file model-v6.txt (compact mmCIF, C-alpha atoms and all ligand atoms)
# COMPACT_ATOMS: atom_id res chain seq x y z
CA MET Y 11 -6.98 -12.22 -15.06
CA LYS Y 12 -3.77 -13.41 -16.69
CA ILE Y 13 -1.08 -11.32 -18.34
CA ASN Y 14 -2.20 -10.46 -21.89
CA ALA Y 15 -0.27 -10.57 -25.17
CA THR Y 16 0.52 -6.83 -25.20
CA GLN Y 17 1.79 -6.97 -21.64
CA LEU Y 18 3.88 -10.06 -22.42
CA SER Y 19 5.59 -8.29 -25.30
CA GLN Y 20 6.21 -5.33 -23.01
CA VAL Y 21 7.79 -7.69 -20.47
CA ASN Y 22 10.02 -9.09 -23.19
CA ARG Y 23 11.16 -5.59 -24.08
CA GLN Y 24 11.94 -5.03 -20.38
CA ILE Y 25 13.92 -8.27 -20.12
CA ARG Y 26 15.97 -7.25 -23.18
CA ARG Y 27 16.54 -3.79 -21.69
CA ILE Y 28 17.75 -5.36 -18.44
CA LEU Y 29 20.02 -7.89 -20.16
CA ASP Y 30 21.55 -5.24 -22.43
CA SER Y 31 22.20 -2.89 -19.52
CA GLY Y 32 24.42 -5.30 -17.58
CA ASN Y 33 22.69 -4.11 -14.37
CA TYR Y 34 22.13 -6.10 -11.17
CA TYR Y 35 19.14 -7.99 -12.57
CA SER Y 36 20.91 -8.80 -15.83
CA GLN Y 37 23.27 -10.96 -13.74
CA VAL Y 38 20.33 -12.61 -11.98
CA TYR Y 39 18.54 -13.32 -15.27
CA LYS Y 40 21.68 -14.56 -17.02
CA LYS Y 41 22.29 -16.97 -14.18
CA ALA Y 42 18.67 -18.17 -14.36
CA GLY Y 43 18.83 -18.46 -18.16
CA ILE Y 44 15.98 -15.99 -18.70
CA THR Y 45 15.99 -14.42 -22.14
CA GLY Y 46 12.28 -13.84 -22.69
CA VAL Y 47 8.80 -15.17 -22.04
CA SER Y 48 6.15 -16.34 -24.46
CA THR Y 49 3.31 -17.53 -22.21
CA PRO Y 50 1.68 -16.45 -18.93
CA GLU Y 51 3.05 -19.67 -17.39
CA GLU Y 52 6.60 -18.72 -18.34
CA PHE Y 53 6.04 -15.24 -16.96
CA GLU Y 54 5.01 -16.73 -13.63
CA LYS Y 55 8.35 -18.54 -13.44
CA ILE Y 56 10.41 -15.33 -13.50
CA PRO Y 57 11.96 -14.94 -10.04
CA PHE Y 58 10.48 -12.21 -7.84
CA THR Y 59 12.29 -8.98 -7.17
CA ASP Y 60 12.32 -7.75 -3.61
CA LYS Y 61 13.42 -4.75 -1.61
CA ALA Y 62 16.26 -6.78 -0.09
CA ASP Y 63 17.77 -7.34 -3.59
CA LEU Y 64 17.41 -3.68 -4.38
CA ARG Y 65 19.46 -2.88 -1.30
CA ASN Y 66 22.19 -5.23 -2.55
CA ALA Y 67 22.24 -3.16 -5.72
CA TYR Y 68 22.76 0.12 -3.80
CA PRO Y 69 23.34 2.79 -4.98
CA LEU Y 70 22.64 2.57 -8.73
CA GLY Y 71 22.84 -1.14 -9.48
CA ILE Y 72 19.29 -1.36 -10.84
CA GLN Y 73 19.81 1.46 -13.34
CA ALA Y 74 19.09 0.08 -16.82
CA VAL Y 75 19.91 3.09 -19.03
CA PRO Y 76 23.05 5.19 -19.61
CA ASP Y 77 23.57 8.13 -17.23
CA GLU Y 78 22.74 10.57 -20.05
CA GLN Y 79 19.14 9.38 -19.94
CA VAL Y 80 18.65 9.66 -16.18
CA VAL Y 81 17.00 12.94 -15.19
CA ARG Y 82 16.23 12.29 -11.54
CA ILE Y 83 16.52 9.78 -8.71
CA HIS Y 84 14.21 9.05 -5.81
CA SER Y 85 14.89 7.06 -2.71
CA SER Y 86 12.78 5.13 -0.28
CA SER Y 87 13.46 5.48 3.40
CA GLY Y 88 16.21 3.35 4.86
CA THR Y 89 14.70 2.54 8.23
CA THR Y 90 16.29 -0.89 8.06
CA GLY Y 91 19.63 -0.86 6.29
CA LYS Y 92 20.48 1.00 3.11
CA PRO Y 93 17.85 2.98 1.20
CA VAL Y 94 16.75 1.96 -2.28
CA ILE Y 95 17.61 4.37 -5.09
CA SER Y 96 15.44 4.45 -8.21
CA PRO Y 97 16.64 6.31 -11.31
CA TYR Y 98 14.02 7.88 -13.66
CA THR Y 99 14.29 8.86 -17.32
CA ALA Y 100 12.37 11.82 -18.76
CA LYS Y 101 9.78 9.35 -20.06
CA ASP Y 102 9.43 7.74 -16.63
CA VAL Y 103 8.77 11.13 -15.07
CA ALA Y 104 6.22 11.93 -17.80
CA ASP Y 105 4.52 8.52 -17.48
CA TRP Y 106 4.21 8.95 -13.74
CA ALA Y 107 2.67 12.42 -14.15
CA GLU Y 108 0.27 10.95 -16.72
CA MET Y 109 -0.86 8.24 -14.28
CA PHE Y 110 -1.16 10.75 -11.47
CA ALA Y 111 -3.24 13.15 -13.60
CA ARG Y 112 -5.52 10.20 -14.37
CA CYS Y 113 -5.90 9.59 -10.63
CA TYR Y 114 -7.03 13.18 -10.12
CA GLU Y 115 -9.45 12.91 -13.04
CA ILE Y 116 -10.93 9.65 -11.74
CA ALA Y 117 -11.50 11.41 -8.41
CA GLY Y 118 -13.45 14.09 -10.29
CA ILE Y 119 -10.79 16.78 -9.94
CA THR Y 120 -10.58 19.32 -12.80
CA PRO Y 121 -8.23 22.09 -13.99
CA GLY Y 122 -10.47 24.46 -12.01
CA ASP Y 123 -9.39 22.90 -8.71
CA ARG Y 124 -6.81 24.20 -6.25
CA ILE Y 125 -4.80 21.33 -4.81
CA GLN Y 126 -3.09 21.76 -1.44
CA ILE Y 127 -0.22 19.29 -1.32
CA THR Y 128 0.98 18.41 2.19
CA PRO Y 129 3.14 15.28 1.64
CA GLY Y 130 6.88 15.98 1.79
CA TYR Y 131 9.04 17.05 -1.13
CA GLY Y 132 12.58 15.74 -1.54
CA LEU Y 133 14.26 12.40 -2.02
CA TRP Y 134 11.11 10.44 -1.54
CA THR Y 135 8.41 10.37 -4.14
CA ALA Y 136 5.39 11.84 -2.40
CA GLY Y 137 5.13 15.63 -2.80
CA ILE Y 138 6.69 15.88 -6.24
CA GLY Y 139 4.36 13.16 -7.58
CA PHE Y 140 1.25 15.00 -6.39
CA GLN Y 141 2.70 18.20 -7.88
CA ALA Y 142 3.60 16.77 -11.31
CA GLY Y 143 0.15 15.16 -11.65
CA CYS Y 144 -1.52 18.41 -10.70
CA GLU Y 145 0.45 20.39 -13.27
CA ARG Y 146 -0.24 17.76 -15.94
CA LEU Y 147 -3.94 18.02 -15.19
CA GLY Y 148 -3.77 21.82 -15.28
CA ALA Y 149 -5.02 22.44 -11.76
CA MET Y 150 -3.40 24.94 -9.38
CA ALA Y 151 -0.81 23.32 -7.11
CA ILE Y 152 -0.33 24.78 -3.64
CA PRO Y 153 2.95 23.05 -2.74
CA MET Y 154 2.94 23.26 1.05
CA GLY Y 155 4.84 20.16 2.09
CA PRO Y 156 4.23 18.78 5.58
CA GLY Y 157 3.83 20.53 8.92
CA ASN Y 158 3.26 24.17 9.91
CA THR Y 159 -0.44 23.82 10.58
CA GLU Y 160 -0.91 27.62 11.03
CA LYS Y 161 0.31 28.25 7.51
CA GLN Y 162 -1.62 25.29 6.10
CA LEU Y 163 -4.89 26.65 7.48
CA GLN Y 164 -4.12 30.20 6.36
CA MET Y 165 -3.43 29.06 2.79
CA MET Y 166 -6.41 26.72 2.82
CA ILE Y 167 -8.69 29.67 3.69
CA ASP Y 168 -7.03 32.50 1.74
CA LEU Y 169 -6.49 30.50 -1.44
CA GLN Y 170 -9.76 28.58 -1.08
CA SER Y 171 -8.13 25.18 -1.63
CA THR Y 172 -10.62 22.66 -2.97
CA VAL Y 173 -8.51 19.49 -2.71
CA LEU Y 174 -6.34 18.29 0.17
CA CYS Y 175 -3.58 15.75 -0.45
CA ALA Y 176 -2.28 14.24 2.78
CA THR Y 177 -1.51 11.16 4.80
CA SER Y 178 -4.51 10.00 6.84
CA SER Y 179 -2.75 11.10 10.06
CA TYR Y 180 -2.15 14.62 8.80
CA ALA Y 181 -5.66 14.93 7.35
CA LEU Y 182 -6.98 13.90 10.76
CA LEU Y 183 -4.82 16.49 12.52
CA LEU Y 184 -6.04 19.23 10.16
CA ALA Y 185 -9.66 18.12 10.57
CA GLU Y 186 -9.30 18.27 14.35
CA GLU Y 187 -7.72 21.75 14.19
CA ILE Y 188 -10.43 23.05 11.85
CA ASN Y 189 -13.05 21.66 14.19
CA ARG Y 190 -11.37 23.07 17.30
CA ARG Y 191 -11.02 26.54 15.80
CA GLY Y 192 -14.49 26.56 14.28
CA LEU Y 193 -13.15 27.20 10.76
CA LYS Y 194 -15.41 24.80 8.92
CA ASP Y 195 -17.43 27.59 7.29
CA LYS Y 196 -14.29 29.26 5.98
CA ILE Y 197 -12.87 26.29 4.07
CA CYS Y 198 -13.84 25.24 0.53
CA LEU Y 199 -12.42 21.70 0.45
CA ARG Y 200 -14.47 19.21 -1.51
CA LYS Y 201 -12.13 16.24 -1.91
CA GLY Y 202 -9.26 14.58 -0.09
CA ILE Y 203 -6.60 12.39 -1.73
CA ILE Y 204 -5.10 10.20 0.95
CA GLY Y 205 -1.97 8.09 0.57
CA SER Y 206 -3.12 4.51 0.77
CA GLU Y 207 -2.31 2.72 3.98
CA ARG Y 208 -4.37 0.78 6.45
CA TRP Y 209 -6.60 3.23 8.29
CA SER Y 210 -9.73 2.74 10.29
CA ASP Y 211 -13.26 3.53 9.15
CA ALA Y 212 -13.64 5.65 12.28
CA LYS Y 213 -10.76 7.87 11.18
CA ARG Y 214 -12.06 8.00 7.62
CA ASN Y 215 -15.57 8.94 8.72
CA TYR Y 216 -14.32 11.62 11.09
CA ILE Y 217 -12.19 13.29 8.39
CA ALA Y 218 -14.95 13.07 5.78
CA ARG Y 219 -17.53 14.50 8.17
CA GLU Y 220 -15.46 17.24 9.78
CA LEU Y 221 -14.04 18.51 6.51
CA GLY Y 222 -17.20 17.78 4.54
CA ILE Y 223 -15.21 16.06 1.79
CA GLU Y 224 -15.14 12.91 -0.33
CA LEU Y 225 -12.06 10.77 0.33
CA TYR Y 226 -10.00 8.84 -2.20
CA ASP Y 227 -7.21 6.32 -1.52
CA ILE Y 228 -4.23 6.72 -3.82
CA TYR Y 229 -1.80 3.82 -4.15
CA GLY Y 230 1.87 3.60 -4.99
CA LEU Y 231 5.38 2.94 -3.75
CA THR Y 232 8.74 4.50 -4.41
CA GLU Y 233 10.20 1.45 -6.14
CA ILE Y 234 7.32 1.59 -8.68
CA TYR Y 235 7.25 5.31 -9.70
CA GLY Y 236 5.68 6.49 -6.40
CA PRO Y 237 2.11 7.35 -5.36
CA GLY Y 238 -0.36 7.73 -8.21
CA ILE Y 239 -0.38 4.29 -9.84
CA GLY Y 240 -3.97 3.65 -8.76
CA ILE Y 241 -6.95 5.26 -7.03
CA ASN Y 242 -10.58 4.60 -6.05
CA CYS Y 243 -13.24 5.84 -8.41
CA PRO Y 244 -16.38 7.58 -7.10
CA ASP Y 245 -18.14 4.18 -7.02
CA GLN Y 246 -15.75 3.29 -4.16
CA THR Y 247 -15.34 -0.35 -5.15
CA GLY Y 248 -11.56 -0.62 -4.96
CA MET Y 249 -8.57 1.15 -6.51
CA HIS Y 250 -8.20 1.11 -10.29
CA ILE Y 251 -4.63 0.20 -11.27
CA PHE Y 252 -3.28 1.36 -14.63
CA ASP Y 253 -2.60 -1.86 -16.50
CA ASP Y 254 -1.12 -0.09 -19.53
CA PHE Y 255 1.85 0.83 -17.31
CA LEU Y 256 1.80 -1.97 -14.71
CA TYR Y 257 0.85 -5.60 -14.43
CA THR Y 258 -0.45 -6.66 -11.02
CA GLU Y 259 -0.52 -10.14 -9.51
CA ILE Y 260 -1.62 -11.45 -6.12
CA ILE Y 261 0.53 -14.24 -4.68
CA ASP Y 262 0.54 -16.46 -1.64
CA PRO Y 263 3.29 -14.73 0.37
CA GLN Y 264 4.61 -18.03 1.69
CA THR Y 265 4.62 -20.24 -1.38
CA GLY Y 266 4.89 -17.55 -4.08
CA GLU Y 267 2.05 -19.20 -5.98
CA VAL Y 268 -0.15 -16.86 -8.05
CA LEU Y 269 -3.67 -16.67 -6.60
CA PRO Y 270 -6.90 -16.34 -8.57
CA ASP Y 271 -8.80 -13.02 -8.64
CA GLY Y 272 -10.71 -12.42 -5.44
CA GLU Y 273 -8.29 -14.22 -3.14
CA GLU Y 274 -6.30 -12.24 -0.63
CA GLY Y 275 -2.51 -12.26 -0.79
CA GLU Y 276 0.53 -10.11 -1.51
CA ILE Y 277 0.53 -7.55 -4.33
CA VAL Y 278 3.28 -8.12 -6.90
CA ILE Y 279 3.83 -5.46 -9.57
CA THR Y 280 5.66 -5.52 -12.90
CA THR Y 281 6.62 -2.23 -14.54
CA LEU Y 282 5.76 -2.66 -18.22
CA VAL Y 283 7.39 0.46 -19.65
CA LYS Y 284 9.64 1.93 -16.96
CA GLU Y 285 13.09 2.63 -18.41
CA GLY Y 286 15.34 3.92 -15.62
CA ALA Y 287 14.87 0.96 -13.28
CA PRO Y 288 12.49 -1.65 -14.65
CA LEU Y 289 11.26 -4.13 -12.06
CA ILE Y 290 9.67 -7.42 -12.99
CA ARG Y 291 7.47 -9.14 -10.40
CA PHE Y 292 8.32 -6.80 -7.52
CA ARG Y 293 7.02 -7.98 -4.15
CA THR Y 294 5.35 -5.04 -2.44
CA HIS Y 295 4.57 -6.93 0.81
CA ASP Y 296 1.19 -5.13 0.78
CA LEU Y 297 -1.79 -7.42 1.26
CA SER Y 298 -4.91 -7.02 -0.85
CA ARG Y 299 -6.92 -8.85 -3.49
CA ILE Y 300 -7.93 -8.20 -7.07
CA ILE Y 301 -11.66 -7.51 -7.16
CA PRO Y 302 -13.13 -9.78 -9.85
CA GLY Y 303 -15.26 -8.39 -12.65
CA GLU Y 304 -15.78 -4.91 -14.04
CA CYS Y 305 -16.41 -1.75 -12.03
CA SER Y 306 -19.84 -0.14 -12.22
CA CYS Y 307 -18.11 3.10 -13.32
CA GLY Y 308 -17.32 1.50 -16.68
CA ARG Y 309 -13.53 1.88 -16.47
CA HIS Y 310 -11.71 -1.26 -17.53
CA PHE Y 311 -8.63 -0.87 -15.31
CA PRO Y 312 -8.40 -3.79 -12.85
CA ARG Y 313 -9.17 -3.04 -9.22
CA LEU Y 314 -7.28 -3.70 -6.01
CA ASP Y 315 -9.21 -3.83 -2.74
CA THR Y 316 -8.21 -1.64 0.21
CA ILE Y 317 -4.72 -2.50 1.49
CA ARG Y 318 -5.27 -4.97 4.32
CA GLY Y 319 -1.85 -4.81 5.94
CA ARG Y 320 1.61 -6.26 5.32
CA SER Y 321 2.47 -9.79 4.29
CA ASP Y 322 5.05 -9.80 7.07
CA ASP Y 323 1.98 -9.91 9.33
CA MET Y 324 0.39 -12.88 7.54
CA PHE Y 325 0.75 -16.15 9.40
CA LYS Y 326 0.07 -19.82 8.98
CA VAL Y 327 -1.33 -22.11 11.67
CA HIS Y 328 -2.05 -25.81 11.01
CA GLY Y 329 -1.29 -25.15 7.35
CA VAL Y 330 -3.90 -22.40 6.91
CA ASN Y 331 -3.00 -18.83 5.87
CA MET Y 332 -4.36 -16.19 8.23
CA PHE Y 333 -4.48 -12.48 7.53
CA PRO Y 334 -4.31 -9.48 9.85
CA SER Y 335 -7.57 -8.25 8.33
CA GLN Y 336 -9.35 -11.34 9.72
CA VAL Y 337 -7.98 -10.62 13.17
CA GLU Y 338 -9.09 -7.01 12.92
CA GLU Y 339 -12.59 -8.03 11.87
CA ILE Y 340 -12.84 -10.27 14.92
CA LEU Y 341 -11.58 -7.59 17.29
CA GLY Y 342 -14.05 -5.11 15.80
CA LEU Y 343 -16.91 -7.39 16.89
CA VAL Y 344 -16.04 -7.36 20.58
CA ASP Y 345 -17.19 -4.37 22.62
CA GLY Y 346 -14.43 -2.48 24.42
CA ILE Y 347 -11.53 -4.22 22.62
CA SER Y 348 -9.05 -1.96 20.76
CA SER Y 349 -7.75 -2.67 17.25
CA GLU Y 350 -4.22 -3.30 18.56
CA TYR Y 351 -3.13 -6.89 19.02
CA LYS Y 352 -0.13 -9.20 19.24
CA ILE Y 353 0.02 -12.79 18.14
CA ASP Y 354 2.62 -15.33 19.27
CA ILE Y 355 2.83 -18.71 17.59
CA ALA Y 356 4.84 -21.61 18.95
CA HIS Y 357 5.02 -25.36 18.48
CA ASP Y 358 4.35 -27.78 21.33
CA GLU Y 359 6.70 -30.73 20.76
CA SER Y 360 4.94 -32.98 23.26
CA THR Y 361 1.59 -32.80 21.45
CA ASN Y 362 3.07 -31.93 18.04
CA ARG Y 363 0.64 -29.03 17.67
CA ASP Y 364 0.94 -25.32 16.95
CA ILE Y 365 -0.01 -23.07 19.83
CA ILE Y 366 -1.35 -19.61 19.17
CA MET Y 367 -1.54 -16.88 21.79
CA VAL Y 368 -3.42 -13.66 21.09
CA THR Y 369 -2.89 -10.59 23.24
CA VAL Y 370 -5.59 -7.94 22.98
CA GLU Y 371 -6.35 -4.69 24.78
CA ALA Y 372 -9.59 -3.90 26.60
CA GLU Y 373 -11.01 -0.71 28.03
CA GLY Y 374 -11.35 -0.60 31.83
CA ARG Y 375 -15.17 -0.63 31.64
CA VAL Y 376 -15.39 -4.20 30.26
CA ASN Y 377 -15.00 -7.57 31.94
CA PHE Y 378 -11.60 -8.80 30.73
CA GLN Y 379 -12.44 -12.45 31.16
CA GLN Y 380 -15.67 -12.25 29.19
CA ALA Y 381 -14.07 -10.18 26.43
CA GLY Y 382 -11.23 -12.69 26.18
CA GLU Y 383 -13.68 -15.58 25.93
CA GLN Y 384 -15.57 -13.78 23.14
CA VAL Y 385 -12.34 -13.30 21.20
CA ARG Y 386 -11.46 -16.97 21.70
CA GLN Y 387 -14.85 -18.15 20.43
CA LEU Y 388 -14.69 -15.88 17.39
CA PHE Y 389 -11.25 -17.22 16.45
CA LYS Y 390 -12.63 -20.72 16.82
CA SER Y 391 -15.72 -20.16 14.67
CA ARG Y 392 -14.19 -17.90 12.01
CA MET Y 393 -10.56 -19.00 11.73
CA HIS Y 394 -10.83 -22.57 12.99
CA VAL Y 395 -8.06 -22.21 15.55
CA THR Y 396 -8.48 -21.98 19.28
CA PRO Y 397 -6.01 -19.51 20.73
CA LYS Y 398 -5.05 -18.76 24.26
CA VAL Y 399 -6.25 -15.17 24.76
CA VAL Y 400 -4.57 -12.68 27.05
CA VAL Y 401 -6.40 -9.43 27.78
CA VAL Y 402 -4.36 -6.41 28.87
CA SER Y 403 -5.29 -2.79 29.63
CA ILE Y 404 -5.67 -0.33 26.79
CA ASN Y 405 -2.40 1.35 25.61
CA THR Y 406 -0.27 -1.54 26.86
CA LEU Y 407 0.76 -2.84 23.43
CA PRO Y 408 3.41 -0.86 21.50
CA ARG Y 409 2.25 1.63 18.88
CA SER Y 410 4.25 3.24 16.12
CA GLU Y 411 3.59 5.60 13.23
CA LYS Y 412 5.08 3.13 10.77
CA LYS Y 413 4.21 -0.48 10.28
CA THR Y 414 3.98 -2.14 13.68
CA ARG Y 415 5.03 -5.80 13.85
CA ARG Y 416 2.17 -7.77 15.37
CA VAL Y 417 2.90 -11.40 14.63
CA PHE Y 418 5.78 -13.28 16.26
CA ASP Y 419 6.44 -16.79 15.03
CA HIS Y 420 8.59 -18.70 17.50
CA ARG Y 421 8.36 -21.99 15.59
CA SER Y 422 11.44 -21.29 13.51
CA GLU Y 423 13.57 -20.43 16.54
ZN ZN Y 501 -14.61 2.33 -11.02

call {"tool": "encode", "arguments": {"input": "model-v6.txt", "output": "structure tokens", "more": "lines below"}}
Ligand code: ZN
result
Amino acid sequence: MKINATQLSQVNRQIRRILDSGNYYSQVYKKAGITGVSTPEEFEKIPFTDKADLRNAYPLGIQAVPDEQVVRIHSSSGTTGKPVISPYTAKDVADWAEMFARCYEIAGITPGDRIQITPGYGLWTAGIGFQAGCERLGAMAIPMGPGNTEKQLQMMIDLQSTVLCATSSYALLLAEEINRRGLKDKICLRKGIIGSERWSDAKRNYIARELGIELYDIYGLTEIYGPGIGINCPDQTGMHIFDDFLYTEIIDPQTGEVLPDGEEGEIVITTLVKEGAPLIRFRTHDLSRIIPGECSCGRHFPRLDTIRGRSDDMFKVHGVNMFPSQVEEILGLVDGISSEYKIDIAHDESTNRDIIMVTVEAEGRVNFQQAGEQVRQLFKSRMHVTPKVVVVSINTLPRSEKKTRRVFDHRSE
């Protein structure tokens, strides 16, 4: 799937908008001599945009319209360094709501639904995105924001909420509370819209079963509008991404080369019509693949597979790209091994070979040596590398709510 003629002309309009604005990227493009693109090949030569550049442009360096046209800003969290600020025009806000309403519709949600929104409201894009989409659709928004489980459950029962919007962690917490308090008969939920992140099937199945709901993964990121740029359809064969607003590519995170449909790599998104802060070829660092072919639901929007982790976790041994999802699949095959892992890669000068060490966790009931040997054999047969495997007790490896770093490459040190 290459960029089509309509999308190319939209990209050209965006390049002109950027150049005329004199913003941060206008300097980058002027320096690179970029004035427009006429073929998919030329498009693929436009330099990537990345979160690190956006930080250089803090606070409003990526704004591409006069202040009079900016109606709102959002900001992504600044866990490392400065946050990224994205300005929105009235059209951007409307476009985002339009995409979000589509997401609800694809999930089978109607104006008759009552949508309980638990993501946070404020500088970041979550709550307000869910809200605007809900209002656009014509459903009833119950704008709870996060936390206060007592109140959440009270509203869920008294207002007979039919849709829950939440992170997977919060949906799990609510499901556990509902189970513990025996409230299942009192709730009317039928669907859950869960912010897309990597989450286990076990967690998904528990939430779906305990709440008796269908679950949908919604995709998005603050730099590109926010959540609501794509969602699974009821056929559950990947997330449809709205290609009239966005163009999506998958690249090799190390070489930057565009990969064919079906191959796993990093998601790169181009905003085709965003005015406030257009981004061309923005590296999301999320790993997935474009699912080839058309969906059985009949919608023509291209599909992204479930997010498989972060490209920062992708690694290369003996010249072969390896993905966290492959490691997880292997670990899932060994009884008593948790899904947590750590990988260290080094280079042995004396033999001129890469060395890979995999640390995994095992439950006390299993034989550590046997489990380790199983992991080693699976790496050998499936990934064609033979690691040294270290087995430690469960809960030894660090865990965090955010994206845990699992791969440590010592070769560049
Ligand atoms: Zn579909």

call {"tool": "closest_residue", "arguments": {"input": "model-v6.txt", "among": "Y:Ile44, Y:Ile72, Y:Val173, Y:Val80", "to": "Ala117 in chain Y", "atoms": "all atoms listed in the file"}}
result
Y:Val173

call {"tool": "residues_near_ligand", "arguments": {"input": "model-v6.txt", "ligand": "ligand ZN 501 (chain Y)", "cutoff": "12 Å", "atoms": "only C-alpha atoms and all ligand atoms", "output": "number ranges by chain"}}
result
Y: 113, 115-118, 226, 240-252, 301, 303-315

call {"tool": "residues_around", "arguments": {"input": "model-v6.txt", "residues": "Leu193 in chain Y", "least_positions_apart": "6", "cutoff": "10 Å", "atoms": "only C-alpha atoms", "output": "ChimeraX atom specification"}}
result
/Y:163,167,185,187,221

call {"tool": "closest_residue", "arguments": {"input": "model-v6.txt", "among": "Y:Leu147, Y:Ile203, Y:Val94, Y:Ala287", "to": "Thr128 in chain Y", "atoms": "only C-alpha atoms"}}
result
Y:Ile203

call {"tool": "residues_around", "arguments": {"input": "model-v6.txt", "residues": "Pro288 in chain Y", "least_positions_apart": "6", "cutoff": "10 Å", "atoms": "all atoms listed in the file", "output": "ChimeraX atom specification"}}
result
/Y:21,24-25,27-28,35,72-75,96-98,233-234,280-282

call {"tool": "closest_residue", "arguments": {"input": "model-v6.txt", "among": "Y:Met165, Y:Leu225, Y:Met393, Y:Ile239", "to": "Glu108 in chain Y", "atoms": "only C-alpha atoms"}}
result
Y:Ile239

call {"tool": "closest_residue", "arguments": {"input": "model-v6.txt", "among": "Y:Gln336, Y:Thr258, Y:Ser298, Y:Asn22", "to": "Glu273 in chain Y", "atoms": "only C-alpha atoms"}}
result
Y:Ser298

call {"tool": "axis_aligned_box", "arguments": {"input": "model-v6.txt", "around": "range 292-311 of chain Y", "padding_each_side": "3 Å", "output": "AutoDock Vina command-line options"}}
result
--center_x -5.8 --center_y -3.3 --center_z -8.1 --size_x 34.2 --size_y 18.9 --size_z 24.8

call {"tool": "residues_around", "arguments": {"input": "model-v6.txt", "residues": "Gly205 in chain Y", "least_positions_apart": "4", "cutoff": "12 Å", "atoms": "only C-alpha atoms", "output": "PDB file with C-alpha atoms, in the frame of the given file"}}
result
ATOM      1  CA  CYS Y 113      -5.900   9.590 -10.630  1.00  0.00           C
ATOM      2  CA  ILE Y 127      -0.220  19.290  -1.320  1.00  0.00           C
ATOM      3  CA  THR Y 128       0.980  18.410   2.190  1.00  0.00           C
ATOM      4  CA  PRO Y 129       3.140  15.280   1.640  1.00  0.00           C
ATOM      5  CA  GLY Y 130       6.880  15.980   1.790  1.00  0.00           C
ATOM      6  CA  THR Y 135       8.410  10.370  -4.140  1.00  0.00           C
ATOM      7  CA  ALA Y 136       5.390  11.840  -2.400  1.00  0.00           C
ATOM      8  CA  GLY Y 137       5.130  15.630  -2.800  1.00  0.00           C
ATOM      9  CA  GLY Y 139       4.360  13.160  -7.580  1.00  0.00           C
ATOM     10  CA  PHE Y 140       1.250  15.000  -6.390  1.00  0.00           C
ATOM     11  CA  LEU Y 174      -6.340  18.290   0.170  1.00  0.00           C
ATOM     12  CA  CYS Y 175      -3.580  15.750  -0.450  1.00  0.00           C
ATOM     13  CA  ALA Y 176      -2.280  14.240   2.780  1.00  0.00           C
ATOM     14  CA  THR Y 177      -1.510  11.160   4.800  1.00  0.00           C
ATOM     15  CA  SER Y 178      -4.510  10.000   6.840  1.00  0.00           C
ATOM     16  CA  SER Y 179      -2.750  11.100  10.060  1.00  0.00           C
ATOM     17  CA  TYR Y 180      -2.150  14.620   8.800  1.00  0.00           C
ATOM     18  CA  ALA Y 181      -5.660  14.930   7.350  1.00  0.00           C
ATOM     19  CA  TRP Y 209      -6.600   3.230   8.290  1.00  0.00           C
ATOM     20  CA  LEU Y 225     -12.060  10.770   0.330  1.00  0.00           C
ATOM     21  CA  TYR Y 226     -10.000   8.840  -2.200  1.00  0.00           C
ATOM     22  CA  ASP Y 227      -7.210   6.320  -1.520  1.00  0.00           C
ATOM     23  CA  ILE Y 228      -4.230   6.720  -3.820  1.00  0.00           C
ATOM     24  CA  TYR Y 229      -1.800   3.820  -4.150  1.00  0.00           C
ATOM     25  CA  GLY Y 230       1.870   3.600  -4.990  1.00  0.00           C
ATOM     26  CA  LEU Y 231       5.380   2.940  -3.750  1.00  0.00           C
ATOM     27  CA  GLY Y 236       5.680   6.490  -6.400  1.00  0.00           C
ATOM     28  CA  PRO Y 237       2.110   7.350  -5.360  1.00  0.00           C
ATOM     29  CA  GLY Y 238      -0.360   7.730  -8.210  1.00  0.00           C
ATOM     30  CA  ILE Y 239      -0.380   4.290  -9.840  1.00  0.00           C
ATOM     31  CA  GLY Y 240      -3.970   3.650  -8.760  1.00  0.00           C
ATOM     32  CA  ILE Y 241      -6.950   5.260  -7.030  1.00  0.00           C
ATOM     33  CA  ASN Y 242     -10.580   4.600  -6.050  1.00  0.00           C
ATOM     34  CA  MET Y 249      -8.570   1.150  -6.510  1.00  0.00           C
ATOM     35  CA  THR Y 316      -8.210  -1.640   0.210  1.00  0.00           C
ATOM     36  CA  ILE Y 317      -4.720  -2.500   1.490  1.00  0.00           C
TER      37      ILE Y 317
END

call {"tool": "closest_residue", "arguments": {"input": "model-v6.txt", "among": "Y:Leu407, Y:Ala356, Y:Ala62, Y:Val370", "to": "Asp419 in chain Y", "atoms": "only C-alpha atoms"}}
result
Y:Ala356

call {"tool": "closest_residue", "arguments": {"input": "model-v6.txt", "among": "Y:Met324, Y:Ile217, Y:Ile340, Y:Cys198", "to": "Ile355 in chain Y", "atoms": "all atoms listed in the file"}}
result
Y:Met324

call {"tool": "atom_distance", "arguments": {"input": "model-v6.txt", "atom1": "CA of Leu343 in chain Y", "atom2": "CA of Ala381 in chain Y"}}
result
10.3 Å

call {"tool": "atom_distance", "arguments": {"input": "model-v6.txt", "atom1": "CA of Gly192 in chain Y", "atom2": "CA of Thr172 in chain Y"}}
result
18.1 Å
